[in-house]
Amino acid sequence: PEPRTLLVSAHRLDPSDLVLVLEDVTDLRRLQQIRTEFIDNLGHELRTPLSTVTLLAETLAREAEIAEIPPRMRDRIALIEVETGHIAQMVNEMLDLARMEGGSQLRLRDDVDLARLAVASAERLRLFAERSGVTLVTETEPDVPTVRGDEARLGQVVVNLVHNAIKFSPDGGEVRVAVRRAGDDIELAVADHGIGIKRADRARIFERFYKADRARVRGGGTGLGLAIARHVVEGHGGRITVESEEGLGSTFTVTIPVVAPAPAPAAPPAPAAPPAPA
């Protein structure tokens, strides 16, 4: 017979009563596997034509710089290049999310300095911020302890949050990235003074493909970045939250536990005392 997958959960009703719930999730797990495989196959099938279109768009853009063509044609070529990049980003993020939801494990092998990582990730987006008329500020406490995790994935989270903050900020706005110790955790906060998030949208902001008020966003987006961020952060034993007021800005906060110190090696046993003389 086919093996079944059972989900066991315990709920305490009161100090004397404990309820165990057994749920057969075999069909659900099978459907999740089918979805993951479908998205994985679709993503790989899309990558080849996308690579070709991207290469052609880049070639056209270079040739348009030296060719005598109308400005409107140059704008259309540039738009093709930008939109192709958005599609490629969506495919990559869709594959990332499908693998995470399919049970792909993060490689928690790095001792990550979140303060250094935040500064480096913000620097990657400084040119984008300048072009958007946004001031990018980083504040990190000295000697912040490391966390155990996947440095590449955590960097992806920071870049996504900072990119979103810039994208939702008005010209002349400011985005502030701060890292500090908060008890047994390291807290990373990305704050902007942009358009904010409506109360009705806050509960769904971390859902895949969910976009709050598309009409007021500078640039495109896939609606997958925050869903990926949530999976990465929770995979590190942390949490991600948002505080926002419409028209006043948003603050996304990531909290990751500090690496537990390694146990001190046991002291060697004391040498046995010599026997007393007879």
# chains A, B, ... in the order shown; residues from 1 in each chain; ligands from 1
call {"tool": "residues_around", "arguments": {"residues": "range 105-112 of chain A", "least_positions_apart": "4", "cutoff": "7 Å", "atoms": "only C-alpha atoms", "output": "list in words"}}
result
Thr146, Val147, Arg148, Gly149, Asp150, Glu151 and Gly235 of chain A
call {"tool": "select_by_dssp", "arguments": {"residues": "range 105-266 of chain A", "states": "strand (DSSP E or B)", "output": "MDAnalysis selection string"}}
result
chainID A and resid 110:112 135:140 147:149 174:182 185:192 239:245 249:257
call {"tool": "select_by_dssp", "arguments": {"residues": "range 114-268 of chain A", "states": "alpha helix (DSSP H)", "output": "PDB file with N, CA, C and O atoms, in the first residue's frame"}}
result
ATOM      1  N   LEU A 114      24.929  40.489  10.276  1.00  0.00           N
ATOM      2  CA  LEU A 114      23.800  41.184   9.659  1.00  0.00           C
ATOM      3  C   LEU A 114      24.068  42.675   9.463  1.00  0.00           C
ATOM      4  O   LEU A 114      23.558  43.275   8.516  1.00  0.00           O
ATOM      5  N   ALA A 115      24.870  43.273  10.340  1.00  0.00           N
ATOM      6  CA  ALA A 115      25.200  44.690  10.176  1.00  0.00           C
ATOM      7  C   ALA A 115      25.995  44.907   8.895  1.00  0.00           C
ATOM      8  O   ALA A 115      25.687  45.784   8.082  1.00  0.00           O
ATOM      9  N   ARG A 116      27.034  44.094   8.698  1.00  0.00           N
ATOM     10  CA  ARG A 116      27.845  44.211   7.478  1.00  0.00           C
ATOM     11  C   ARG A 116      27.025  43.871   6.245  1.00  0.00           C
ATOM     12  O   ARG A 116      27.114  44.542   5.212  1.00  0.00           O
ATOM     13  N   LEU A 117      26.183  42.836   6.360  1.00  0.00           N
ATOM     14  CA  LEU A 117      25.362  42.422   5.227  1.00  0.00           C
ATOM     15  C   LEU A 117      24.374  43.524   4.847  1.00  0.00           C
ATOM     16  O   LEU A 117      24.131  43.775   3.659  1.00  0.00           O
ATOM     17  N   ALA A 118      23.795  44.202   5.844  1.00  0.00           N
ATOM     18  CA  ALA A 118      22.839  45.275   5.561  1.00  0.00           C
ATOM     19  C   ALA A 118      23.511  46.427   4.824  1.00  0.00           C
ATOM     20  O   ALA A 118      22.958  46.980   3.858  1.00  0.00           O
ATOM     21  N   VAL A 119      24.710  46.796   5.265  1.00  0.00           N
ATOM     22  CA  VAL A 119      25.438  47.891   4.606  1.00  0.00           C
ATOM     23  C   VAL A 119      25.781  47.512   3.169  1.00  0.00           C
ATOM     24  O   VAL A 119      25.580  48.303   2.230  1.00  0.00           O
ATOM     25  N   ALA A 120      26.291  46.286   2.970  1.00  0.00           N
ATOM     26  CA  ALA A 120      26.663  45.851   1.625  1.00  0.00           C
ATOM     27  C   ALA A 120      25.448  45.765   0.707  1.00  0.00           C
ATOM     28  O   ALA A 120      25.508  46.161  -0.470  1.00  0.00           O
ATOM     29  N   SER A 121      24.323  45.266   1.226  1.00  0.00           N
ATOM     30  CA  SER A 121      23.113  45.144   0.409  1.00  0.00           C
ATOM     31  C   SER A 121      22.563  46.514   0.038  1.00  0.00           C
ATOM     32  O   SER A 121      22.101  46.730  -1.090  1.00  0.00           O
ATOM     33  N   ALA A 122      22.618  47.465   0.985  1.00  0.00           N
ATOM     34  CA  ALA A 122      22.148  48.816   0.694  1.00  0.00           C
ATOM     35  C   ALA A 122      23.020  49.473  -0.368  1.00  0.00           C
ATOM     36  O   ALA A 122      22.514  50.181  -1.251  1.00  0.00           O
ATOM     37  N   GLU A 123      24.330  49.238  -0.307  1.00  0.00           N
ATOM     38  CA  GLU A 123      25.231  49.830  -1.297  1.00  0.00           C
ATOM     39  C   GLU A 123      24.913  49.344  -2.707  1.00  0.00           C
ATOM     40  O   GLU A 123      25.075  50.087  -3.672  1.00  0.00           O
ATOM     41  N   ARG A 124      24.456  48.111  -2.823  1.00  0.00           N
ATOM     42  CA  ARG A 124      24.093  47.591  -4.147  1.00  0.00           C
ATOM     43  C   ARG A 124      22.961  48.393  -4.770  1.00  0.00           C
ATOM     44  O   ARG A 124      22.824  48.436  -5.999  1.00  0.00           O
ATOM     45  N   ARG A 126      22.332  51.726  -4.006  1.00  0.00           N
ATOM     46  CA  ARG A 126      22.525  53.172  -3.843  1.00  0.00           C
ATOM     47  C   ARG A 126      22.317  53.921  -5.159  1.00  0.00           C
ATOM     48  O   ARG A 126      21.729  55.006  -5.183  1.00  0.00           O
ATOM     49  N   LEU A 127      22.786  53.366  -6.266  1.00  0.00           N
ATOM     50  CA  LEU A 127      22.602  54.019  -7.556  1.00  0.00           C
ATOM     51  C   LEU A 127      21.113  54.106  -7.912  1.00  0.00           C
ATOM     52  O   LEU A 127      20.638  55.145  -8.395  1.00  0.00           O
ATOM     53  N   PHE A 128      20.357  53.018  -7.646  1.00  0.00           N
ATOM     54  CA  PHE A 128      18.917  53.028  -7.886  1.00  0.00           C
ATOM     55  C   PHE A 128      18.245  54.101  -7.035  1.00  0.00           C
ATOM     56  O   PHE A 128      17.350  54.814  -7.489  1.00  0.00           O
ATOM     57  N   ALA A 129      18.693  54.229  -5.776  1.00  0.00           N
ATOM     58  CA  ALA A 129      18.130  55.246  -4.887  1.00  0.00           C
ATOM     59  C   ALA A 129      18.424  56.652  -5.414  1.00  0.00           C
ATOM     60  O   ALA A 129      17.533  57.521  -5.432  1.00  0.00           O
ATOM     61  N   GLU A 130      19.659  56.883  -5.851  1.00  0.00           N
ATOM     62  CA  GLU A 130      20.018  58.210  -6.365  1.00  0.00           C
ATOM     63  C   GLU A 130      19.202  58.557  -7.601  1.00  0.00           C
ATOM     64  O   GLU A 130      18.732  59.690  -7.749  1.00  0.00           O
ATOM     65  N   ARG A 131      19.033  57.594  -8.493  1.00  0.00           N
ATOM     66  CA  ARG A 131      18.252  57.847  -9.703  1.00  0.00           C
ATOM     67  C   ARG A 131      16.781  58.097  -9.367  1.00  0.00           C
ATOM     68  O   ARG A 131      16.072  58.762 -10.111  1.00  0.00           O
ATOM     69  N   GLU A 151      23.841  33.180   4.190  1.00  0.00           N
ATOM     70  CA  GLU A 151      24.156  34.587   3.946  1.00  0.00           C
ATOM     71  C   GLU A 151      23.566  35.089   2.635  1.00  0.00           C
ATOM     72  O   GLU A 151      23.049  36.209   2.565  1.00  0.00           O
ATOM     73  N   ALA A 152      23.605  34.269   1.592  1.00  0.00           N
ATOM     74  CA  ALA A 152      23.078  34.690   0.296  1.00  0.00           C
ATOM     75  C   ALA A 152      21.572  34.953   0.379  1.00  0.00           C
ATOM     76  O   ALA A 152      21.062  35.945  -0.155  1.00  0.00           O
ATOM     77  N   ARG A 153      20.854  34.061   1.063  1.00  0.00           N
ATOM     78  CA  ARG A 153      19.403  34.214   1.173  1.00  0.00           C
ATOM     79  C   ARG A 153      19.032  35.421   2.044  1.00  0.00           C
ATOM     80  O   ARG A 153      18.098  36.167   1.736  1.00  0.00           O
ATOM     81  N   LEU A 154      19.756  35.622   3.137  1.00  0.00           N
ATOM     82  CA  LEU A 154      19.478  36.781   3.982  1.00  0.00           C
ATOM     83  C   LEU A 154      19.785  38.079   3.232  1.00  0.00           C
ATOM     84  O   LEU A 154      19.074  39.079   3.364  1.00  0.00           O
ATOM     85  N   GLY A 155      20.843  38.059   2.407  1.00  0.00           N
ATOM     86  CA  GLY A 155      21.139  39.220   1.577  1.00  0.00           C
ATOM     87  C   GLY A 155      20.021  39.501   0.599  1.00  0.00           C
ATOM     88  O   GLY A 155      19.681  40.662   0.330  1.00  0.00           O
ATOM     89  N   GLN A 156      19.421  38.436   0.065  1.00  0.00           N
ATOM     90  CA  GLN A 156      18.280  38.575  -0.843  1.00  0.00           C
ATOM     91  C   GLN A 156      17.112  39.260  -0.133  1.00  0.00           C
ATOM     92  O   GLN A 156      16.425  40.109  -0.716  1.00  0.00           O
ATOM     93  N   VAL A 157      16.888  38.916   1.132  1.00  0.00           N
ATOM     94  CA  VAL A 157      15.813  39.530   1.909  1.00  0.00           C
ATOM     95  C   VAL A 157      16.065  41.028   2.070  1.00  0.00           C
ATOM     96  O   VAL A 157      15.169  41.861   1.850  1.00  0.00           O
ATOM     97  N   VAL A 158      17.289  41.389   2.461  1.00  0.00           N
ATOM     98  CA  VAL A 158      17.602  42.802   2.690  1.00  0.00           C
ATOM     99  C   VAL A 158      17.455  43.599   1.391  1.00  0.00           C
ATOM    100  O   VAL A 158      16.854  44.679   1.370  1.00  0.00           O
ATOM    101  N   VAL A 159      17.992  43.075   0.296  1.00  0.00           N
ATOM    102  CA  VAL A 159      17.893  43.774  -0.987  1.00  0.00           C
ATOM    103  C   VAL A 159      16.440  43.979  -1.380  1.00  0.00           C
ATOM    104  O   VAL A 159      16.038  45.058  -1.832  1.00  0.00           O
ATOM    105  N   ASN A 160      15.622  42.943  -1.167  1.00  0.00           N
ATOM    106  CA  ASN A 160      14.206  43.058  -1.521  1.00  0.00           C
ATOM    107  C   ASN A 160      13.508  44.142  -0.697  1.00  0.00           C
ATOM    108  O   ASN A 160      12.756  44.962  -1.242  1.00  0.00           O
ATOM    109  N   LEU A 161      13.770  44.177   0.608  1.00  0.00           N
ATOM    110  CA  LEU A 161      13.117  45.159   1.467  1.00  0.00           C
ATOM    111  C   LEU A 161      13.565  46.577   1.141  1.00  0.00           C
ATOM    112  O   LEU A 161      12.747  47.512   1.094  1.00  0.00           O
ATOM    113  N   VAL A 162      14.867  46.754   0.901  1.00  0.00           N
ATOM    114  CA  VAL A 162      15.372  48.089   0.582  1.00  0.00           C
ATOM    115  C   VAL A 162      14.868  48.537  -0.790  1.00  0.00           C
ATOM    116  O   VAL A 162      14.472  49.695  -0.972  1.00  0.00           O
ATOM    117  N   HIS A 163      14.863  47.617  -1.755  1.00  0.00           N
ATOM    118  CA  HIS A 163      14.366  47.952  -3.090  1.00  0.00           C
ATOM    119  C   HIS A 163      12.902  48.392  -3.022  1.00  0.00           C
ATOM    120  O   HIS A 163      12.500  49.395  -3.631  1.00  0.00           O
ATOM    121  N   ASN A 164      12.084  47.655  -2.266  1.00  0.00           N
ATOM    122  CA  ASN A 164      10.681  48.026  -2.111  1.00  0.00           C
ATOM    123  C   ASN A 164      10.535  49.398  -1.455  1.00  0.00           C
ATOM    124  O   ASN A 164       9.688  50.206  -1.849  1.00  0.00           O
ATOM    125  N   ALA A 165      11.351  49.653  -0.428  1.00  0.00           N
ATOM    126  CA  ALA A 165      11.263  50.928   0.282  1.00  0.00           C
ATOM    127  C   ALA A 165      11.578  52.097  -0.653  1.00  0.00           C
ATOM    128  O   ALA A 165      10.910  53.136  -0.613  1.00  0.00           O
ATOM    129  N   ILE A 166      12.597  51.922  -1.488  1.00  0.00           N
ATOM    130  CA  ILE A 166      12.945  52.973  -2.451  1.00  0.00           C
ATOM    131  C   ILE A 166      11.816  53.147  -3.463  1.00  0.00           C
ATOM    132  O   ILE A 166      11.417  54.267  -3.801  1.00  0.00           O
ATOM    133  N   LYS A 167      11.294  52.023  -3.920  1.00  0.00           N
ATOM    134  CA  LYS A 167      10.268  52.040  -4.965  1.00  0.00           C
ATOM    135  C   LYS A 167       9.003  52.744  -4.490  1.00  0.00           C
ATOM    136  O   LYS A 167       8.327  53.428  -5.272  1.00  0.00           O
ATOM    137  N   ARG A 199      -4.655  49.471   5.704  1.00  0.00           N
ATOM    138  CA  ARG A 199      -4.906  48.498   6.769  1.00  0.00           C
ATOM    139  C   ARG A 199      -5.407  47.167   6.201  1.00  0.00           C
ATOM    140  O   ARG A 199      -5.005  46.097   6.645  1.00  0.00           O
ATOM    141  N   ALA A 200      -6.268  47.224   5.192  1.00  0.00           N
ATOM    142  CA  ALA A 200      -6.824  46.001   4.608  1.00  0.00           C
ATOM    143  C   ALA A 200      -5.761  45.167   3.914  1.00  0.00           C
ATOM    144  O   ALA A 200      -5.911  43.957   3.761  1.00  0.00           O
ATOM    145  N   ASP A 201      -4.668  45.801   3.479  1.00  0.00           N
ATOM    146  CA  ASP A 201      -3.620  45.086   2.744  1.00  0.00           C
ATOM    147  C   ASP A 201      -2.566  44.480   3.660  1.00  0.00           C
ATOM    148  O   ASP A 201      -1.846  43.566   3.257  1.00  0.00           O
ATOM    149  N   ARG A 202      -2.435  45.000   4.880  1.00  0.00           N
ATOM    150  CA  ARG A 202      -1.317  44.579   5.735  1.00  0.00           C
ATOM    151  C   ARG A 202      -1.352  43.093   6.061  1.00  0.00           C
ATOM    152  O   ARG A 202      -0.319  42.441   6.139  1.00  0.00           O
ATOM    153  N   GLY A 225       8.405  38.873  -3.865  1.00  0.00           N
ATOM    154  CA  GLY A 225       9.554  39.185  -3.025  1.00  0.00           C
ATOM    155  C   GLY A 225       9.286  39.054  -1.545  1.00  0.00           C
ATOM    156  O   GLY A 225      10.093  38.475  -0.803  1.00  0.00           O
ATOM    157  N   LEU A 226       8.156  39.570  -1.060  1.00  0.00           N
ATOM    158  CA  LEU A 226       7.864  39.501   0.375  1.00  0.00           C
ATOM    159  C   LEU A 226       7.506  38.088   0.805  1.00  0.00           C
ATOM    160  O   LEU A 226       7.787  37.696   1.947  1.00  0.00           O
ATOM    161  N   ALA A 227       6.887  37.311  -0.083  1.00  0.00           N
ATOM    162  CA  ALA A 227       6.592  35.908   0.240  1.00  0.00           C
ATOM    163  C   ALA A 227       7.898  35.130   0.396  1.00  0.00           C
ATOM    164  O   ALA A 227       8.048  34.313   1.318  1.00  0.00           O
ATOM    165  N   ILE A 228       8.858  35.394  -0.484  1.00  0.00           N
ATOM    166  CA  ILE A 228      10.164  34.747  -0.376  1.00  0.00           C
ATOM    167  C   ILE A 228      10.857  35.189   0.909  1.00  0.00           C
ATOM    168  O   ILE A 228      11.439  34.369   1.637  1.00  0.00           O
ATOM    169  N   ALA A 229      10.795  36.489   1.210  1.00  0.00           N
ATOM    170  CA  ALA A 229      11.423  37.004   2.428  1.00  0.00           C
ATOM    171  C   ALA A 229      10.856  36.311   3.664  1.00  0.00           C
ATOM    172  O   ALA A 229      11.597  35.931   4.576  1.00  0.00           O
ATOM    173  N   ARG A 230       9.547  36.134   3.707  1.00  0.00           N
ATOM    174  CA  ARG A 230       8.926  35.472   4.863  1.00  0.00           C
ATOM    175  C   ARG A 230       9.435  34.041   5.016  1.00  0.00           C
ATOM    176  O   ARG A 230       9.769  33.602   6.128  1.00  0.00           O
ATOM    177  N   HIS A 231       9.513  33.292   3.900  1.00  0.00           N
ATOM    178  CA  HIS A 231       9.998  31.915   3.972  1.00  0.00           C
ATOM    179  C   HIS A 231      11.451  31.864   4.441  1.00  0.00           C
ATOM    180  O   HIS A 231      11.823  31.008   5.259  1.00  0.00           O
ATOM    181  N   VAL A 232      12.279  32.773   3.935  1.00  0.00           N
ATOM    182  CA  VAL A 232      13.698  32.778   4.314  1.00  0.00           C
ATOM    183  C   VAL A 232      13.845  33.102   5.799  1.00  0.00           C
ATOM    184  O   VAL A 232      14.570  32.417   6.530  1.00  0.00           O
ATOM    185  N   VAL A 233      13.161  34.137   6.248  1.00  0.00           N
ATOM    186  CA  VAL A 233      13.286  34.559   7.645  1.00  0.00           C
ATOM    187  C   VAL A 233      12.768  33.472   8.587  1.00  0.00           C
ATOM    188  O   VAL A 233      13.421  33.132   9.583  1.00  0.00           O
ATOM    189  N   GLU A 234      11.613  32.899   8.286  1.00  0.00           N
ATOM    190  CA  GLU A 234      11.071  31.846   9.140  1.00  0.00           C
ATOM    191  C   GLU A 234      11.951  30.602   9.099  1.00  0.00           C
ATOM    192  O   GLU A 234      12.038  29.862  10.087  1.00  0.00           O
ATOM    193  N   GLY A 235      12.613  30.356   7.965  1.00  0.00           N
ATOM    194  CA  GLY A 235      13.545  29.236   7.872  1.00  0.00           C
ATOM    195  C   GLY A 235      14.767  29.419   8.757  1.00  0.00           C
ATOM    196  O   GLY A 235      15.482  28.462   9.050  1.00  0.00           O
TER     197      GLY A 235
END
call {"tool": "residues_around", "arguments": {"residues": "Ser169 in chain A", "least_positions_apart": "3", "cutoff": "7 Å", "atoms": "only C-alpha atoms", "output": "ChimeraX atom specification"}}
result
/A:165-166,173,192-195
call {"tool": "atom_distance", "arguments": {"atom1": "CA of Leu224 in chain A", "atom2": "CA of Met90 in chain A"}}
result
7.6 Å
call {"tool": "closest_residue", "arguments": {"among": "A:Thr48, A:Thr54, A:Ser9, A:Asn41", "to": "Ile80 in chain A", "atoms": "only C-alpha atoms"}}
result
A:Thr54
call {"tool": "atom_distance", "arguments": {"atom1": "CA of Met100 in chain A", "atom2": "CA of Asp24 in chain A"}}
result
21.7 Å
call {"tool": "residues_around", "arguments": {"residues": "Val134 in chain A", "least_positions_apart": "6", "cutoff": "6 Å", "atoms": "only C-alpha atoms", "output": "count of residues only"}}
result
4
call {"tool": "residues_around", "arguments": {"residues": "Gly237 in chain A", "least_positions_apart": "4", "cutoff": "9 Å", "atoms": "only C-alpha atoms", "output": "list in words"}}
result
Val233, Thr255, Ile256 and Pro257 of chain A
call {"tool": "write_last_selection", "arguments": {"atoms": "all heavy atoms", "output": "PDB file, in the first residue's frame"}}
result
ATOM      1  N   VAL A 233      13.161  34.137   6.248  1.00  0.00           N
ATOM      2  CA  VAL A 233      13.286  34.559   7.645  1.00  0.00           C
ATOM      3  C   VAL A 233      12.768  33.472   8.587  1.00  0.00           C
ATOM      4  O   VAL A 233      13.421  33.132   9.583  1.00  0.00           O
ATOM      5  CB  VAL A 233      12.536  35.882   7.877  1.00  0.00           C
ATOM      6  CG1 VAL A 233      12.491  36.226   9.368  1.00  0.00           C
ATOM      7  CG2 VAL A 233      13.203  37.017   7.105  1.00  0.00           C
ATOM      8  N   THR A 255      13.603  39.865  12.491  1.00  0.00           N
ATOM      9  CA  THR A 255      14.232  39.479  13.750  1.00  0.00           C
ATOM     10  C   THR A 255      14.772  38.064  13.622  1.00  0.00           C
ATOM     11  O   THR A 255      14.028  37.147  13.301  1.00  0.00           O
ATOM     12  CB  THR A 255      13.217  39.548  14.905  1.00  0.00           C
ATOM     13  OG1 THR A 255      12.629  40.857  14.927  1.00  0.00           O
ATOM     14  CG2 THR A 255      13.888  39.289  16.233  1.00  0.00           C
ATOM     15  N   ILE A 256      16.088  37.914  13.853  1.00  0.00           N
ATOM     16  CA  ILE A 256      16.758  36.610  13.727  1.00  0.00           C
ATOM     17  C   ILE A 256      17.449  36.297  15.056  1.00  0.00           C
ATOM     18  O   ILE A 256      18.117  37.167  15.631  1.00  0.00           O
ATOM     19  CB  ILE A 256      17.822  36.627  12.604  1.00  0.00           C
ATOM     20  CG1 ILE A 256      17.197  37.058  11.272  1.00  0.00           C
ATOM     21  CG2 ILE A 256      18.490  35.263  12.467  1.00  0.00           C
ATOM     22  CD1 ILE A 256      16.298  36.036  10.644  1.00  0.00           C
ATOM     23  N   PRO A 257      17.318  35.066  15.573  1.00  0.00           N
ATOM     24  CA  PRO A 257      17.991  34.720  16.838  1.00  0.00           C
ATOM     25  C   PRO A 257      19.511  34.777  16.707  1.00  0.00           C
ATOM     26  O   PRO A 257      20.077  34.448  15.663  1.00  0.00           O
ATOM     27  CB  PRO A 257      17.529  33.284  17.112  1.00  0.00           C
ATOM     28  CG  PRO A 257      16.326  33.085  16.246  1.00  0.00           C
ATOM     29  CD  PRO A 257      16.507  33.955  15.053  1.00  0.00           C
TER      30      PRO A 257
END
call {"tool": "atom_distance", "arguments": {"atom1": "CA of Ala61 in chain A", "atom2": "CA of Thr84 in chain A"}}
result
12.7 Å
call {"tool": "residues_around", "arguments": {"residues": "Thr5 in chain A", "least_positions_apart": "6", "cutoff": "12 Å", "atoms": "only C-alpha atoms", "output": "MDAnalysis selection string"}}
result
chainID A and resid 22:30
call {"tool": "residues_around", "arguments": {"residues": "Ala189 in chain A", "least_positions_apart": "3", "cutoff": "8 Å", "atoms": "only C-alpha atoms", "output": "MDAnalysis selection string"}}
result
chainID A and resid 176:179 251:254
call {"tool": "closest_residue", "arguments": {"among": "A:Val175, A:Leu31, A:Ile240, A:Ala182", "to": "Phe206 in chain A", "atoms": "only C-alpha atoms"}}
result
A:Ile240
